[in-house]
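This report refers to the structure that appears directly beneath it.
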Amino acid sequence: MEKIRVVEIFDSIEGEGGLIGYPTTFIRLEGCNLRCVWCDTKYSYDTDKYQLLSLDEILDKVKSFKNKKVCLTGGEPLYNEGFDVLFKTLLEEGYFLIVETNGTVFRSVIKDLWEPYKDSIYIVCSPKPFSNFFVNERLIPFIKEVKFVVDEVLRKQDILNVISKFENLPQLTFQPESNRQDMFEKARKLQKELLEKGFEFRLIPQVHEIFNLP
Ligand code: SF4
């Protein structure tokens, strides 16, 4: 079996979104199809610092941390060719899988394994202005949370365009960029305006930034 390009595997707490605070093992896969200007994980692409790890090597490391939740992140994890085998194996091993994606890429392994494992899969989509907030239509039925990073360019219409594509609304989250106070205030204003239209957003900071966690 081919080895998987992995930038890092580490033990922390989920620092963002609806599962914030849970003890979680993070597997950061190499590569991303976007180049967002405020990306805080640029080291996950444009790098030759990744390791080529076998599935067994990854599993050994994941098991050493004892966490019930594993987050596949990046970069863009769905852009990494190792995603399918990792996704399947971790589900079969009984882990709860969080997938953090920019929403542009779909992999059919998600659809194939959805029925038996849907309670153990939590796909968080964070659409990016750098892809015009594009969300792959085939991924939409499997997304359980949509998280908007509230930065200077995010507009209410961008948000409405994205959520109008969902038949059943997932959890809706605002995350102020880099925990900036001015972006918190913008998010709070958007939260109130969208509530008037019937959409309830949670406004959540990045906890790992506050506590200096990886
Ligand atoms: S999609 Fe995510 S990992 Fe990729 S460049 Fe944008 S912020 Fe960075």
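Residue numbers start at 1 in each chain; chains themselves are named A, B, ... in the order of the structure tokens; ligands are numbered from 1 in the order shown.
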
Next item on the list: Find the residues near ligand 1. Use a cut-off of 7 Å, count only C-alpha atoms and all ligand atoms, and write them as a list in words.
Entry: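 Residues satisfying the distance criterion: Cys32, Asn33, Leu34, Arg35, Cys36, Trp38, Cys39, Asp40, Thr41, Lys42, Gly74, Gly75, Glu76, Asn102 and Lys128 of chain A.
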
Next item on the list: Run DSSP on the backbone and grab whatever in chain A lands in strand (DSSP E or B); send it over as number ranges by chain.
Entry: A: 4-13, 23-29, 51-53, 69-73, 96-101, 121-125, 143-150, 171-176, 201-203

Next item on the list: Calculate how many Å separate atom CA of Tyr122 of chain A from atom CA of Val62 of chain A, rounding to one decimal.
Entry: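 Those two atoms sit 17.9 Å apart.
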
Report as a tab-separated table the residues of segment 24-99 of chain A within 12 Å of segment 136-145 of chain A, each with its shortest atom pair and distance in Å (one decimal), using only C-alpha atoms, ordered by chain and increasing residue number.
```
residue	atom	partner	partner_atom	distance
A:Leu78	CA	A:Leu139	CA	10.7
A:Leu97	CA	A:Lys144	CA	11.9
A:Ile98	CA	A:Lys144	CA	9.9
A:Val99	CA	A:Ile143	CA	9.4
```

Write out the residues from the selection above, keeping N, CA and C atoms, as a PDB file, in the first residue's frame.
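File produced: out-v6.pdb:
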```pdb
ATOM      1  N   LEU A  78      -9.407  16.365   2.015  1.00  0.00           N
ATOM      2  CA  LEU A  78     -10.036  15.643   0.902  1.00  0.00           C
ATOM      3  C   LEU A  78      -9.208  15.739  -0.386  1.00  0.00           C
ATOM      4  N   LEU A  97     -15.019  10.527  13.697  1.00  0.00           N
ATOM      5  CA  LEU A  97     -14.153  11.269  12.776  1.00  0.00           C
ATOM      6  C   LEU A  97     -14.688  12.657  12.479  1.00  0.00           C
ATOM      7  N   ILE A  98     -13.854  13.647  12.730  1.00  0.00           N
ATOM      8  CA  ILE A  98     -14.153  15.023  12.332  1.00  0.00           C
ATOM      9  C   ILE A  98     -13.333  15.291  11.072  1.00  0.00           C
ATOM     10  N   VAL A  99     -13.981  15.845  10.060  1.00  0.00           N
ATOM     11  CA  VAL A  99     -13.251  16.205   8.840  1.00  0.00           C
ATOM     12  C   VAL A  99     -13.409  17.700   8.639  1.00  0.00           C
TER      13      VAL A  99
END
```

Check: Where does DSSP see helix (DSSP H, G or I) in chain A, if you list the residues as number ranges by chain?
Finding: A: 17-19, 42-44, 55-65, 77-79, 83-92, 108-120, 129-131, 140-142, 156-163, 177-179, 181-196, 207-210
